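Visitor: Structure file upload.txt (compact mmCIF, C-alpha atoms (C1' of nucleotides)) right here:
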```txt
# COMPACT_ATOMS: atom_id res chain seq x y z
CA MET E 175 -137.96 45.03 127.30
CA ASN E 176 -136.98 48.34 125.75
CA GLN E 177 -138.93 47.13 122.79
CA LEU E 178 -142.12 47.69 124.73
CA ARG E 179 -140.98 51.09 125.92
CA ASP E 180 -140.17 52.26 122.40
CA HIS E 181 -143.49 50.93 121.25
CA ILE E 182 -145.45 52.85 123.87
CA GLU E 183 -143.37 55.98 123.45
CA ARG E 184 -144.35 56.16 119.82
CA ILE E 185 -147.64 57.38 121.24
CA VAL E 186 -147.10 58.72 124.78
CA PRO E 187 -143.86 59.85 126.44
CA LEU E 188 -142.70 58.06 129.58
CA ASP E 189 -140.07 58.79 132.19
CA ASP E 190 -137.96 56.03 133.73
CA THR E 191 -140.03 55.50 136.85
CA GLU E 192 -143.23 55.37 134.86
CA PHE E 193 -141.87 52.70 132.58
CA GLU E 194 -140.52 50.88 135.63
CA THR E 195 -144.04 50.70 136.97
CA ILE E 196 -145.45 49.55 133.66
CA SER E 197 -142.90 46.85 133.02
CA SER E 198 -143.34 45.41 136.51
CA PHE E 199 -146.83 44.34 135.49
CA PHE E 200 -145.78 42.38 132.43
CA SER E 201 -144.44 38.86 132.46
CA TYR E 202 -142.20 37.36 129.82
CA LYS E 203 -143.02 34.05 128.17
CA LYS E 204 -141.62 31.93 125.41
CA TYR E 205 -143.56 29.53 123.22
CA LYS E 206 -142.64 27.11 120.48
CA LYS E 207 -144.17 26.69 117.06
CA HIS E 208 -147.63 25.08 117.25
CA GLN E 209 -148.08 25.93 120.92
CA PHE E 210 -151.29 27.65 122.00
CA LEU E 211 -151.41 30.90 123.92
CA ILE E 212 -155.19 30.79 124.00
CA GLN E 213 -157.35 27.70 123.70
CA GLU E 214 -160.88 27.98 122.36
CA GLY E 215 -163.32 27.48 125.22
CA ALA E 216 -160.84 28.41 127.94
CA LEU E 217 -160.49 31.68 129.81
CA VAL E 218 -158.13 34.20 128.25
CA PRO E 219 -155.24 34.85 130.61
CA CYS E 220 -153.67 37.90 128.97
CA ASN E 221 -153.33 40.44 126.30
CA PHE E 222 -150.08 39.53 124.53
CA PHE E 223 -147.41 41.83 123.17
CA VAL E 224 -145.19 40.06 120.65
CA LEU E 225 -141.46 40.61 121.13
CA LYS E 226 -140.36 38.11 118.53
CA GLY E 227 -142.07 35.51 116.39
CA LEU E 228 -145.46 35.17 114.78
CA LEU E 229 -148.94 34.28 116.00
CA LYS E 230 -152.25 33.51 114.34
CA LEU E 231 -155.65 34.20 115.82
CA VAL E 232 -157.97 31.48 114.59
CA TYR E 233 -161.71 30.99 114.56
CA SER E 234 -162.80 27.41 113.85
CA ASP E 235 -166.29 26.96 112.45
CA ASP E 236 -168.64 24.05 113.13
CA THR E 237 -167.24 22.07 110.19
CA GLY E 238 -163.78 22.38 111.72
CA LYS E 239 -162.44 24.72 109.08
CA GLU E 240 -160.00 27.31 110.35
CA HIS E 241 -160.43 31.01 109.61
CA ILE E 242 -157.67 33.42 110.46
CA VAL E 243 -158.93 36.53 112.20
CA GLY E 244 -155.48 38.04 112.45
CA PHE E 245 -151.76 37.60 112.53
CA ALA E 246 -149.43 39.18 115.06
CA GLN E 247 -145.75 39.71 114.45
CA GLU E 248 -143.17 41.82 116.29
CA ASP E 249 -144.60 44.80 118.18
CA TRP E 250 -148.20 43.74 117.74
CA TRP E 251 -150.78 43.13 120.44
CA GLU E 252 -153.02 40.13 120.08
CA THR E 253 -155.63 38.27 122.07
CA ASP E 254 -159.25 37.15 121.82
CA PHE E 255 -160.16 40.63 122.87
CA ALA E 256 -163.89 40.16 123.43
CA ALA E 257 -163.24 37.22 125.76
CA PHE E 258 -160.25 38.87 127.43
CA TYR E 259 -162.05 42.09 128.22
CA THR E 260 -165.23 40.46 129.52
CA GLU E 261 -163.44 37.63 131.31
CA SER E 262 -165.41 35.06 129.39
CA ARG E 263 -164.42 31.97 127.43
CA ALA E 264 -162.48 32.27 124.21
CA THR E 265 -164.27 31.70 120.92
CA MET E 266 -160.94 31.77 119.12
CA SER E 267 -157.54 30.26 119.67
CA LEU E 268 -154.16 31.95 119.49
CA GLU E 269 -151.35 29.77 118.19
CA CYS E 270 -147.71 30.13 117.28
CA VAL E 271 -146.81 30.07 113.60
CA GLU E 272 -143.15 30.40 114.66
CA ASP E 273 -141.32 30.18 117.96
CA THR E 274 -142.53 33.27 119.76
CA GLU E 275 -141.61 35.43 122.75
CA VAL E 276 -144.28 37.62 124.31
CA LEU E 277 -145.00 39.95 127.17
CA CYS E 278 -148.22 39.11 128.97
CA LEU E 279 -150.60 41.58 130.59
CA ARG E 280 -153.40 40.29 132.77
CA LEU E 281 -156.74 42.12 132.86
CA THR E 282 -156.48 43.11 136.52
CA ASP E 283 -153.04 44.52 135.92
CA TYR E 284 -154.25 46.35 132.85
CA ARG E 285 -156.95 47.97 134.98
CA LYS E 286 -154.49 48.94 137.72
CA LEU E 287 -152.13 50.45 135.21
CA CYS E 288 -154.83 52.49 133.49
CA ALA E 289 -156.20 53.72 136.78
CA ALA E 290 -152.73 54.80 137.89
CA MET E 291 -151.64 56.32 134.58
CA PRO E 292 -154.19 58.07 132.35
CA GLN E 293 -151.51 58.46 129.65
CA LEU E 294 -151.39 54.71 129.33
CA GLU E 295 -155.13 54.60 128.93
CA HIS E 296 -154.63 57.09 126.14
CA PHE E 297 -152.11 54.74 124.59
CA PHE E 298 -154.62 51.90 124.60
CA LEU E 299 -157.26 54.22 123.18
CA GLU E 300 -155.00 54.94 120.23
CA LYS E 301 -154.40 51.23 119.76
CA ALA E 302 -158.13 50.58 119.90
CA TYR E 303 -158.76 53.23 117.24
CA GLN E 304 -156.05 51.73 115.05
CA GLY E 305 -157.58 48.29 115.46
CA PHE E 306 -161.06 49.54 114.70
CA ILE E 307 -159.95 51.40 111.58
CA ALA E 308 -157.97 48.41 110.32
CA ALA E 309 -160.91 46.08 110.88
CA GLN E 310 -163.27 48.43 109.09
CA GLN E 311 -160.92 48.70 106.14
CA ARG E 312 -160.67 44.95 105.99
CA ILE E 313 -164.47 44.75 105.85
CA ILE E 314 -164.54 47.28 103.02
CA SER E 315 -161.81 45.39 101.22
CA THR E 316 -163.77 42.13 101.41
CA MET E 317 -166.90 43.82 100.09
CA THR E 318 -165.42 45.82 97.26
CA VAL E 319 -162.55 43.99 95.62
CA GLY E 320 -161.84 40.51 94.28
CA ILE E 321 -159.34 38.03 95.65
CA LYS E 322 -156.50 39.20 93.46
CA GLU E 323 -156.69 42.80 94.64
CA ARG E 324 -157.15 41.74 98.24
CA TYR E 325 -153.99 39.68 98.01
CA GLU E 326 -152.15 42.61 96.43
CA GLN E 327 -153.34 44.99 99.15
CA LEU E 328 -152.08 42.51 101.71
CA LEU E 329 -148.71 42.34 99.98
CA LYS E 330 -148.49 46.12 99.97
CA LYS E 331 -149.62 46.56 103.57
CA TYR E 332 -147.65 43.74 105.21
CA PRO E 333 -144.88 42.67 102.81
CA THR E 334 -142.76 41.06 105.53
CA LEU E 335 -145.68 39.04 106.84
CA VAL E 336 -146.45 37.50 103.47
CA GLN E 337 -142.89 36.20 103.29
CA ARG E 338 -143.14 34.40 106.62
CA VAL E 339 -146.53 32.80 106.18
CA PRO E 340 -147.51 29.85 103.96
CA LYS E 341 -150.05 30.69 101.30
CA SER E 342 -152.60 28.36 102.83
CA LEU E 343 -152.71 30.58 105.91
CA LEU E 344 -152.94 33.72 103.83
CA ALA E 345 -155.91 32.18 102.05
CA ALA E 346 -157.56 31.45 105.40
CA TYR E 347 -156.96 35.08 106.33
CA LEU E 348 -158.33 36.46 103.07
CA GLY E 349 -161.40 34.28 103.37
CA VAL E 350 -160.89 32.15 100.29
CA SER E 351 -159.80 28.60 99.62
CA ARG E 352 -156.16 27.69 99.23
CA GLU E 353 -156.87 26.66 95.65
CA ALA E 354 -158.52 29.95 94.69
CA LEU E 355 -155.49 31.86 95.90
CA SER E 356 -153.20 29.48 94.05
CA ARG E 357 -155.10 29.99 90.78
CA LEU E 358 -154.55 33.76 90.69
CA PRO E 359 -153.02 35.11 87.46
CA ARG E 360 -149.61 36.59 88.14
CA MET M 294 -179.93 66.32 125.37
CA ASN M 295 -180.49 64.05 128.34
CA GLN M 296 -180.31 61.31 125.80
CA LEU M 297 -176.58 61.91 125.50
CA ARG M 298 -176.14 62.07 129.26
CA ASP M 299 -177.92 58.76 129.79
CA HIS M 300 -175.84 57.27 127.04
CA ILE M 301 -172.55 58.33 128.58
CA GLU M 302 -173.65 57.43 132.09
CA ARG M 303 -174.17 53.85 131.01
CA ILE M 304 -170.40 53.74 131.13
CA VAL M 305 -169.10 56.55 133.33
CA PRO M 306 -170.94 58.53 136.04
CA LEU M 307 -171.23 62.31 135.62
CA ASP M 308 -172.30 65.11 137.91
CA ASP M 309 -174.30 68.09 136.65
CA THR M 310 -171.40 70.45 136.10
CA GLU M 311 -169.43 67.81 134.25
CA PHE M 312 -172.27 67.16 131.89
CA GLU M 313 -172.77 70.89 131.52
CA THR M 314 -169.19 71.14 130.27
CA ILE M 315 -169.61 68.22 127.93
CA SER M 316 -172.84 69.36 126.37
CA SER M 317 -171.48 72.84 125.76
CA PHE M 318 -169.13 71.32 123.18
CA PHE M 319 -171.83 69.62 121.13
CA SER M 320 -173.97 71.30 118.55
CA TYR M 321 -177.39 70.15 117.48
CA LYS M 322 -178.27 69.65 113.83
CA LYS M 323 -181.18 68.37 111.84
CA TYR M 324 -181.02 66.74 108.41
CA LYS M 325 -183.60 65.45 106.00
CA LYS M 326 -183.74 62.13 104.20
CA HIS M 327 -181.10 61.89 101.46
CA GLN M 328 -179.01 64.70 102.89
CA PHE M 329 -175.30 64.13 103.42
CA LEU M 330 -173.50 64.62 106.73
CA ILE M 331 -170.20 63.63 105.15
CA GLN M 332 -169.30 63.85 101.48
CA GLU M 333 -166.68 61.55 100.05
CA GLY M 334 -163.56 63.57 99.31
CA ALA M 335 -164.37 66.36 101.75
CA LEU M 336 -163.03 66.92 105.24
CA VAL M 337 -165.00 65.31 108.04
CA PRO M 338 -166.40 67.99 110.30
CA CYS M 339 -167.56 65.90 113.25
CA ASN M 340 -168.22 62.71 115.01
CA PHE M 341 -172.01 62.42 115.07
CA PHE M 342 -174.23 61.14 117.85
CA VAL M 343 -177.66 60.18 116.55
CA LEU M 344 -180.58 61.48 118.62
CA LYS M 345 -183.30 60.39 116.22
CA GLY M 346 -183.37 58.95 112.73
CA LEU M 347 -181.14 56.67 110.72
CA LEU M 348 -177.86 57.08 108.84
CA LYS M 349 -175.87 54.93 106.46
CA LEU M 350 -172.11 55.03 106.11
CA VAL M 351 -171.33 54.24 102.48
CA TYR M 352 -168.22 53.32 100.56
CA SER M 353 -168.55 53.67 96.79
CA ASP M 354 -166.18 51.57 94.69
CA ASP M 355 -164.68 52.55 91.33
CA THR M 356 -167.64 51.05 89.44
CA GLY M 357 -169.97 53.30 91.44
CA LYS M 358 -171.51 50.49 93.41
CA GLU M 359 -172.42 51.38 96.99
CA HIS M 360 -171.30 49.29 99.93
CA ILE M 361 -172.70 49.98 103.36
CA VAL M 362 -170.04 50.02 106.04
CA GLY M 363 -172.51 50.68 108.80
CA PHE M 364 -175.87 52.00 109.87
CA ALA M 365 -176.45 54.33 112.79
CA GLN M 366 -179.74 54.65 114.58
CA GLU M 367 -180.68 56.26 117.89
CA ASP M 368 -177.84 56.44 120.43
CA TRP M 369 -175.15 55.41 117.96
CA TRP M 370 -172.01 57.27 117.03
CA GLU M 371 -171.05 57.41 113.39
CA THR M 372 -168.50 59.09 111.18
CA ASP M 373 -165.75 58.24 108.73
CA PHE M 374 -163.55 57.64 111.69
CA ALA M 375 -160.21 57.24 109.93
CA ALA M 376 -160.66 60.54 108.13
CA PHE M 377 -162.16 62.29 111.15
CA TYR M 378 -159.38 61.32 113.50
CA THR M 379 -156.54 62.13 111.11
CA GLU M 380 -158.20 65.25 109.71
CA SER M 381 -157.93 63.92 106.19
CA ARG M 382 -160.45 63.58 103.39
CA ALA M 383 -163.34 61.19 103.66
CA THR M 384 -163.25 57.96 101.68
CA MET M 385 -166.86 57.29 102.62
CA SER M 386 -170.03 59.31 102.75
CA LEU M 387 -172.57 59.52 105.55
CA GLU M 388 -176.14 59.94 104.40
CA CYS M 389 -179.61 60.07 105.93
CA VAL M 390 -181.86 57.09 105.37
CA GLU M 391 -184.54 58.95 107.34
CA ASP M 392 -184.90 62.49 108.65
CA THR M 393 -182.26 62.62 111.35
CA GLU M 394 -181.27 64.74 114.33
CA VAL M 395 -177.71 64.58 115.59
CA LEU M 396 -175.28 66.07 118.06
CA CYS M 397 -171.97 67.04 116.47
CA LEU M 398 -168.57 66.89 118.11
CA ARG M 399 -165.61 68.48 116.36
CA LEU M 400 -162.17 66.95 116.71
CA THR M 401 -160.64 69.91 118.53
CA ASP M 402 -163.49 69.87 121.00
CA TYR M 403 -163.14 66.13 121.44
CA ARG M 404 -159.49 66.68 122.32
CA LYS M 405 -160.27 69.44 124.78
CA LEU M 406 -162.91 67.35 126.47
CA CYS M 407 -160.66 64.31 126.81
CA ALA M 408 -157.81 66.41 128.14
CA ALA M 409 -160.09 67.99 130.72
CA MET M 410 -161.93 64.82 131.74
CA PRO M 411 -160.11 61.47 131.77
CA GLN M 412 -163.38 59.73 132.52
CA LEU M 413 -164.68 60.83 129.17
CA GLU M 414 -161.60 59.45 127.50
CA HIS M 415 -162.42 56.20 129.27
CA PHE M 416 -165.91 56.39 127.81
CA PHE M 417 -164.52 56.70 124.30
CA LEU M 418 -162.11 53.86 124.99
CA GLU M 419 -165.05 51.61 125.85
CA LYS M 420 -166.81 52.70 122.67
CA ALA M 421 -163.69 52.00 120.64
CA TYR M 422 -163.44 48.51 122.13
CA GLN M 423 -167.09 47.87 121.36
CA GLY M 424 -166.58 49.04 117.81
CA PHE M 425 -163.48 46.92 117.35
CA ILE M 426 -165.15 43.80 118.72
CA ALA M 427 -168.23 44.34 116.56
CA ALA M 428 -166.10 44.83 113.45
CA GLN M 429 -164.08 41.71 114.19
CA GLN M 430 -167.22 39.66 114.67
CA ARG M 431 -168.56 40.95 111.39
CA ILE M 432 -165.35 39.83 109.69
CA ILE M 433 -165.70 36.37 111.23
CA SER M 434 -169.34 36.23 110.23
CA THR M 435 -168.48 37.02 106.60
CA MET M 436 -165.80 34.35 106.56
CA THR M 437 -167.65 31.54 108.26
CA VAL M 438 -171.34 31.57 107.37
CA GLY M 439 -173.48 31.86 104.26
CA ILE M 440 -175.80 34.68 103.34
CA LYS M 441 -178.84 33.14 104.94
CA GLU M 442 -177.22 32.81 108.35
CA ARG M 443 -175.69 36.27 108.08
CA TYR M 444 -179.11 37.71 107.45
CA GLU M 445 -180.53 35.80 110.38
CA GLN M 446 -177.75 36.99 112.66
CA LEU M 447 -178.52 40.53 111.56
CA LEU M 448 -182.19 40.02 112.33
CA LYS M 449 -181.35 38.73 115.77
CA LYS M 450 -178.82 41.43 116.57
CA TYR M 451 -180.65 44.46 115.21
CA PRO M 452 -184.31 43.51 114.79
CA THR M 453 -185.53 47.12 114.83
CA LEU M 454 -183.03 48.18 112.20
CA VAL M 455 -184.12 45.52 109.73
CA GLN M 456 -187.68 46.87 109.91
CA ARG M 457 -186.63 50.40 109.00
CA VAL M 458 -184.28 49.61 106.15
CA PRO M 459 -185.13 48.43 102.62
CA LYS M 460 -183.75 45.03 101.74
CA SER M 461 -181.54 46.49 99.02
CA LEU M 462 -179.61 48.40 101.70
CA LEU M 463 -179.37 45.33 103.92
CA ALA M 464 -177.90 43.47 100.96
CA ALA M 465 -175.34 46.23 100.45
CA TYR M 466 -174.49 45.91 104.15
CA LEU M 467 -174.20 42.13 104.06
CA GLY M 468 -172.02 42.28 100.98
CA VAL M 469 -174.29 40.46 98.56
CA SER M 470 -176.49 41.48 95.66
CA ARG M 471 -180.06 42.53 96.19
CA GLU M 472 -181.18 39.53 94.13
CA ALA M 473 -179.25 37.02 96.19
CA LEU M 474 -180.87 38.28 99.37
CA SER M 475 -184.28 38.22 97.73
CA ARG M 476 -183.83 34.59 96.66
CA LEU M 477 -183.23 33.27 100.18
CA PRO M 478 -185.47 30.36 101.21
CA ARG M 479 -187.72 31.42 104.06
C1' DA Y 23 -130.80 8.10 104.76
C1' DT Y 24 -135.39 7.19 104.29
C1' DT Y 25 -139.90 8.16 105.72
C1' DT Y 26 -143.44 11.48 106.70
C1' DT Y 27 -145.34 15.74 106.62
C1' DT Y 28 -146.19 20.21 104.57
C1' DG Y 29 -146.63 23.50 100.90
C1' DC Y 30 -148.17 24.34 96.54
C1' DG Y 31 -149.93 23.86 91.91
C1' DT Y 32 -153.64 21.89 88.73
C1' DG Y 33 -157.63 19.62 86.60
C1' DA Y 34 -162.60 18.41 86.78
C1' DC Y 35 -166.97 19.27 88.43
C1' DA Y 36 -170.94 21.17 91.06
C1' DG Y 37 -173.07 24.89 93.33
C1' DA Y 38 -173.55 29.58 94.61
C1' DA Y 39 -173.77 34.23 93.49
C1' DG Y 40 -173.43 38.20 90.17
C1' DT Y 41 -175.53 40.37 86.25
C1' DC Y 42 -179.10 41.66 83.18
C1' DA Y 43 -183.80 41.87 82.07
C1' DC Y 44 -188.48 42.17 83.11
C1' DA Y 45 -192.84 42.49 85.89
C1' DT Y 46 -195.49 44.08 89.80
C1' DC Y 47 -196.91 46.84 93.52
C1' DA Y 48 -196.82 50.60 96.72
C1' DC Y 49 -195.98 55.13 97.74
C1' DC Y 50 -194.99 60.19 96.81
C1' DG Y 51 -195.32 64.63 94.83
C1' DC Y 52 -197.57 67.58 91.72
C1' DG A 64 -205.74 61.24 89.90
C1' DC A 65 -201.67 60.27 87.57
C1' DG A 66 -197.09 59.60 86.37
C1' DG A 67 -192.68 58.72 88.38
C1' DT A 68 -189.71 56.49 91.48
C1' DG A 69 -188.35 53.01 94.58
C1' DA A 70 -188.79 48.36 96.53
C1' DT A 71 -189.15 43.67 95.60
C1' DG A 72 -189.50 39.14 93.34
C1' DT A 73 -188.14 36.04 89.45
C1' DG A 74 -186.03 33.92 85.37
C1' DA A 75 -181.91 33.05 82.28
C1' DC A 76 -177.28 32.96 81.81
C1' DT A 77 -172.41 33.47 83.09
C1' DT A 78 -168.66 33.55 86.08
C1' DC A 79 -166.39 32.59 90.09
C1' DT A 80 -165.29 29.77 93.92
C1' DG A 81 -165.39 25.60 96.77
C1' DT A 82 -164.51 20.85 96.88
C1' DC A 83 -162.26 16.67 95.77
C1' DA A 84 -158.53 14.34 93.77
C1' DC A 85 -153.97 13.97 92.36
C1' DG A 86 -148.86 14.89 91.70
C1' DC A 87 -144.64 16.64 93.08
C1' DA A 88 -140.92 18.87 95.51
C1' DA A 89 -138.98 20.65 99.66
C1' DA A 90 -138.60 20.40 104.55
C1' DA A 91 -138.88 17.99 108.87
C1' DA A 92 -138.73 14.08 111.66
C1' DT A 93 -137.04 9.51 112.84
```
Show me, as structure tokens, the structure contained in the file I just sent.

Guide:
Amino acid sequence: MNQLRDHIERIVPLDDTEFETISSFFSYKKYKKHQFLIQEGALVPCNFFVLKGLLKLVYSDDTGKEHIVGFAQEDWWETDFAAFYTESRATMSLECVEDTEVLCLRLTDYRKLCAAMPQLEHFFLEKAYQGFIAAQQRIISTMTVGIKERYEQLLKKYPTLVQRVPKSLLAAYLGVSREALSRLPR
Amino acid sequence: MNQLRDHIERIVPLDDTEFETISSFFSYKKYKKHQFLIQEGALVPCNFFVLKGLLKLVYSDDTGKEHIVGFAQEDWWETDFAAFYTESRATMSLECVEDTEVLCLRLTDYRKLCAAMPQLEHFFLEKAYQGFIAAQQRIISTMTVGIKERYEQLLKKYPTLVQRVPKSLLAAYLGVSREALSRLPR
DNA sequence: ATTTTTGCGTGACAGAAGTCACATCACCGC
DNA sequence: GCGGTGATGTGACTTCTGTCACGCAAAAAT
């Protein structure tokens, strides 16, 4: 649980009672490989903070092909945010790539916490900015460089992730076919 | 100036003195078509709120080709956010597509405002969430559907924008060549 | 241990998009 | 008005990528 505290304190300082309050709103859960934290079409119960393990956020198109919107490893937050925040049905699914332990935060509890502690709202603001910037850079990357460079940027940015994930999933994240990624000159 | 007030009050309520404080931190500026609000490589002076006109946020790759990261029309915020927020040099440029009037908010003033008024920080949090969700959906759109559908989604989502912008810029926004967009079956 | 599944590379082929070149038309400034 | 610039459509050609099919080795399941 200290993992969460360290994570938050990288952005805003907390005293013991404050963190006590925060942690009381989270619930711990454990999932096994291939289990779903979010099912497409269902309501989104939580925003998830990954303690250990690896998740993939997947969008399935009409032909059934899977596209990976994002991965989440240790100390990352992940959920179908649009659906979570508007309490509507998920358009994506969130699934374990490995056995995974998470802390779950429900929307009502998120609201209570932010109302009670403006510093925490500031924390989430920082996270939102980070997410926005990362997404924008990913868009730029897709538009400007070829597959090879995109794969290299990924290697540079998340070297540990690339080790843990099969290439087929990386391809689905980069937006190309498994074969195209496989054919890259080394 | 009431335009800004209405815009903020769509998310958080304000009384007259509060808005007085807020507006005192913004400065009004007017630019002509083809003028730059942000130059690539320079520091980013402000986050811009568009009162009237149209801007394009552009990333130029090593070959000199221009890729449009985003447009901003009336009531939109735009800047090279990564550079703005970290006070580093811009990797993108922000340029007028039409004559444009904006309100400018400097980073130090942004910080003062947020510190003084938590509600305003909540406003920016909402905006950040909106931006993140929009960026994520754009990523999904690029991965899942072909040019034709992407163009149609754009038409549906921002019909007024498509009227104002030449097709060559729309192509640079969609991430395809001008010719490919021109060759779409109607 | 032996099946089954999963990951990964490769070859062949078709289709989509990029690039280059050219033509037209409308609009703008002088 | 007139020349220049920008916006747009089109054709020819090339390159890249997706798709389908196959083979093989390692890992997982029984």

Visitor: Out of A:DT93, A:DT68, A:DT82, A:DT73, which residue has the shortest atom-to-atom distance to DA45 of chain Y when counting only C-alpha atoms (C1' of nucleotides)?

Guide: A:DT73

Visitor: Just give me the gap between atom CA of Val351 of chain M and atom CA of Cys397 of chain M in Å, one decimal is fine.

Guide: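 Going from atom CA of Val351 of chain M over to atom CA of Cys397 of chain M, I get 19.0 Å.
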
Visitor: Which of these residues is nearest to Thr356 of chain M, using all atoms listed in the file: E:Ser342, E:Ser356, E:Thr318, E:Ser262?

Guide: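 Counting all atoms listed in the file, the residue closest to Thr356 of chain M is E:Thr318.
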
Visitor: Which chain Y residues have any atom within 9 Å of an atom of chain E, and for each, what is the nearest pair of atoms with distance in Å to one decimal, counting only C-alpha atoms (C1' of nucleotides), rows sorted by chain and number, as a tab-separated table?

Guide:
```
residue	atom	partner	partner_atom	distance
Y:DG29	C1'	E:Pro340	CA	7.1
Y:DC30	C1'	E:Ser356	CA	7.6
Y:DG31	C1'	E:Ser356	CA	6.8
Y:DT32	C1'	E:Arg357	CA	8.5
```

Visitor: Between Y:DA38, Y:DT28, Y:DA43, Y:DC52, which is the closest to DA88 of chain A once you count all atoms listed in the file?

Guide: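 Once distances to DA88 of chain A are computed over all atoms listed in the file, the minimum belongs to Y:DT28.
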
Visitor: Might you pull out every residue within 12 Å of segment 79-81 of chain A, with all atoms listed in the file counted and same-chain residues fewer than 5 positions away left off, and present them as a list in words?

Guide: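 Once the nearby chain positions are removed, what remains is Gly320, Ile321, Gly349, Val350, Ser351, Arg352, Glu353, Ala354, Leu355, Arg357 and Leu358 of chain E; DC35, DA36, DG37, DA38, DA39 and DG40 of chain Y.
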
Visitor: Show which residues sit within 12 Å of Val336 of chain E, as a list in words. Count only C-alpha atoms (C1' of nucleotides), and ignore same-chain residues fewer than 5 positions away.

Guide: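 Contacts, with the query itself left out: Leu228, Phe245, Gln247, Tyr325, Glu326, Gln327, Leu328, Leu329, Lys330, Lys331, Lys341, Ser342, Leu343, Leu344, Ala345, Tyr347 and Leu348 of chain E.
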
Visitor: Would you mind listing, as JSON, numbers by chain, all residues of chain M that have at least one atom within 7 Å of chain E, where all atoms listed in the file are what counts?

Guide: {"M": [354, 362, 375, 411, 418, 421, 422, 424, 425, 426, 428, 429, 432, 433, 436, 437, 468]}

Visitor: Tell me, as number ranges by chain, which residues lie within 12 Å of DC44 of chain Y, counting only C-alpha atoms (C1' of nucleotides); anything in the same chain fewer than 6 positions away does not count.

Guide: A: 72-75

Visitor: Could you dump the residues just selected with C-alpha atoms (C1' of nucleotides) as a compact mmCIF listing (two decimals), in the frame of the given file?

Guide:
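In the end it all went to again-v3.txt:
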```txt
# COMPACT_ATOMS: atom_id res chain seq x y z
C1' DG A 72 -189.50 39.14 93.34
C1' DT A 73 -188.14 36.04 89.45
C1' DG A 74 -186.03 33.92 85.37
C1' DA A 75 -181.91 33.05 82.28
```

Visitor: Could you tell me how far atom CA of Pro478 of chain M lies from atom C1' of DT71 of chain A, in Å and to one decimal?

Guide: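 Atom CA of Pro478 of chain M sits 14.9 Å away from atom C1' of DT71 of chain A.
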
Visitor: Mind giving me the straight-line distance from atom CA of Leu225 of chain E to atom CA of Glu192 of chain E in Å, one decimal?

Guide: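 Taking atom CA of Leu225 of chain E as the start and atom CA of Glu192 of chain E as the end point, the length is 20.2 Å.
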
Visitor: Neighbouring residues of DC49 of chain Y were defined as those with any atom within 12 Å, considering only C-alpha atoms (C1' of nucleotides); residues of the same chain fewer than 3 positions away were excluded. Please report them as a PyMOL selection string.

Guide: chain A and resi 67-70

Visitor: Could you put an axis-aligned box around every listed atom of segment 181-186 of chain E, padded by 8 Å on each side, and send me its centre and edge lengths in Å to one decimal, as AutoDock Vina command-line options?

Guide:
```
--center_x -145.5 --center_y 54.8 --center_z 122.3 --size_x 20.3 --size_y 23.8 --size_z 21.0
```

Visitor: His208 of chain E: which residues within 12 Å, counting only C-alpha atoms (C1' of nucleotides), same-chain residues fewer than 2 positions away excluded, as a ChimeraX atom specification?

Guide: /E:205-206,210-213,227-230,267-274

Visitor: Could I get segment 385-392 of chain M rebuilt with N, CA, C and O atoms, written as a PDB file, in the frame of the given file?

Guide:
```
ATOM      1  N   MET M 385    -165.482  57.780 102.595  1.00  0.00           N
ATOM      2  CA  MET M 385    -166.860  57.290 102.620  1.00  0.00           C
ATOM      3  C   MET M 385    -167.780  58.487 102.744  1.00  0.00           C
ATOM      4  O   MET M 385    -167.340  59.600 103.039  1.00  0.00           O
ATOM      5  N   SER M 386    -169.063  58.253 102.511  1.00  0.00           N
ATOM      6  CA  SER M 386    -170.030  59.310 102.750  1.00  0.00           C
ATOM      7  C   SER M 386    -171.020  58.841 103.816  1.00  0.00           C
ATOM      8  O   SER M 386    -171.210  57.641 104.010  1.00  0.00           O
ATOM      9  N   LEU M 387    -171.599  59.817 104.495  1.00  0.00           N
ATOM     10  CA  LEU M 387    -172.570  59.520 105.550  1.00  0.00           C
ATOM     11  C   LEU M 387    -173.862  60.216 105.163  1.00  0.00           C
ATOM     12  O   LEU M 387    -173.876  61.444 105.001  1.00  0.00           O
ATOM     13  N   GLU M 388    -174.921  59.422 105.017  1.00  0.00           N
ATOM     14  CA  GLU M 388    -176.140  59.940 104.400  1.00  0.00           C
ATOM     15  C   GLU M 388    -177.363  59.517 105.202  1.00  0.00           C
ATOM     16  O   GLU M 388    -177.394  58.432 105.791  1.00  0.00           O
ATOM     17  N   CYS M 389    -178.375  60.374 105.202  1.00  0.00           N
ATOM     18  CA  CYS M 389    -179.610  60.070 105.930  1.00  0.00           C
ATOM     19  C   CYS M 389    -180.467  59.052 105.192  1.00  0.00           C
ATOM     20  O   CYS M 389    -180.760  59.245 104.008  1.00  0.00           O
ATOM     21  N   VAL M 390    -180.871  58.018 105.900  1.00  0.00           N
ATOM     22  CA  VAL M 390    -181.860  57.090 105.370  1.00  0.00           C
ATOM     23  C   VAL M 390    -183.256  57.582 105.759  1.00  0.00           C
ATOM     24  O   VAL M 390    -184.237  57.346 105.074  1.00  0.00           O
ATOM     25  N   GLU M 391    -183.311  58.283 106.896  1.00  0.00           N
ATOM     26  CA  GLU M 391    -184.540  58.950 107.340  1.00  0.00           C
ATOM     27  C   GLU M 391    -184.181  60.369 107.761  1.00  0.00           C
ATOM     28  O   GLU M 391    -183.007  60.698 107.890  1.00  0.00           O
ATOM     29  N   ASP M 392    -185.176  61.203 108.017  1.00  0.00           N
ATOM     30  CA  ASP M 392    -184.900  62.490 108.650  1.00  0.00           C
ATOM     31  C   ASP M 392    -184.177  62.223 109.961  1.00  0.00           C
ATOM     32  O   ASP M 392    -184.574  61.328 110.713  1.00  0.00           O
TER      33      ASP M 392
END
```
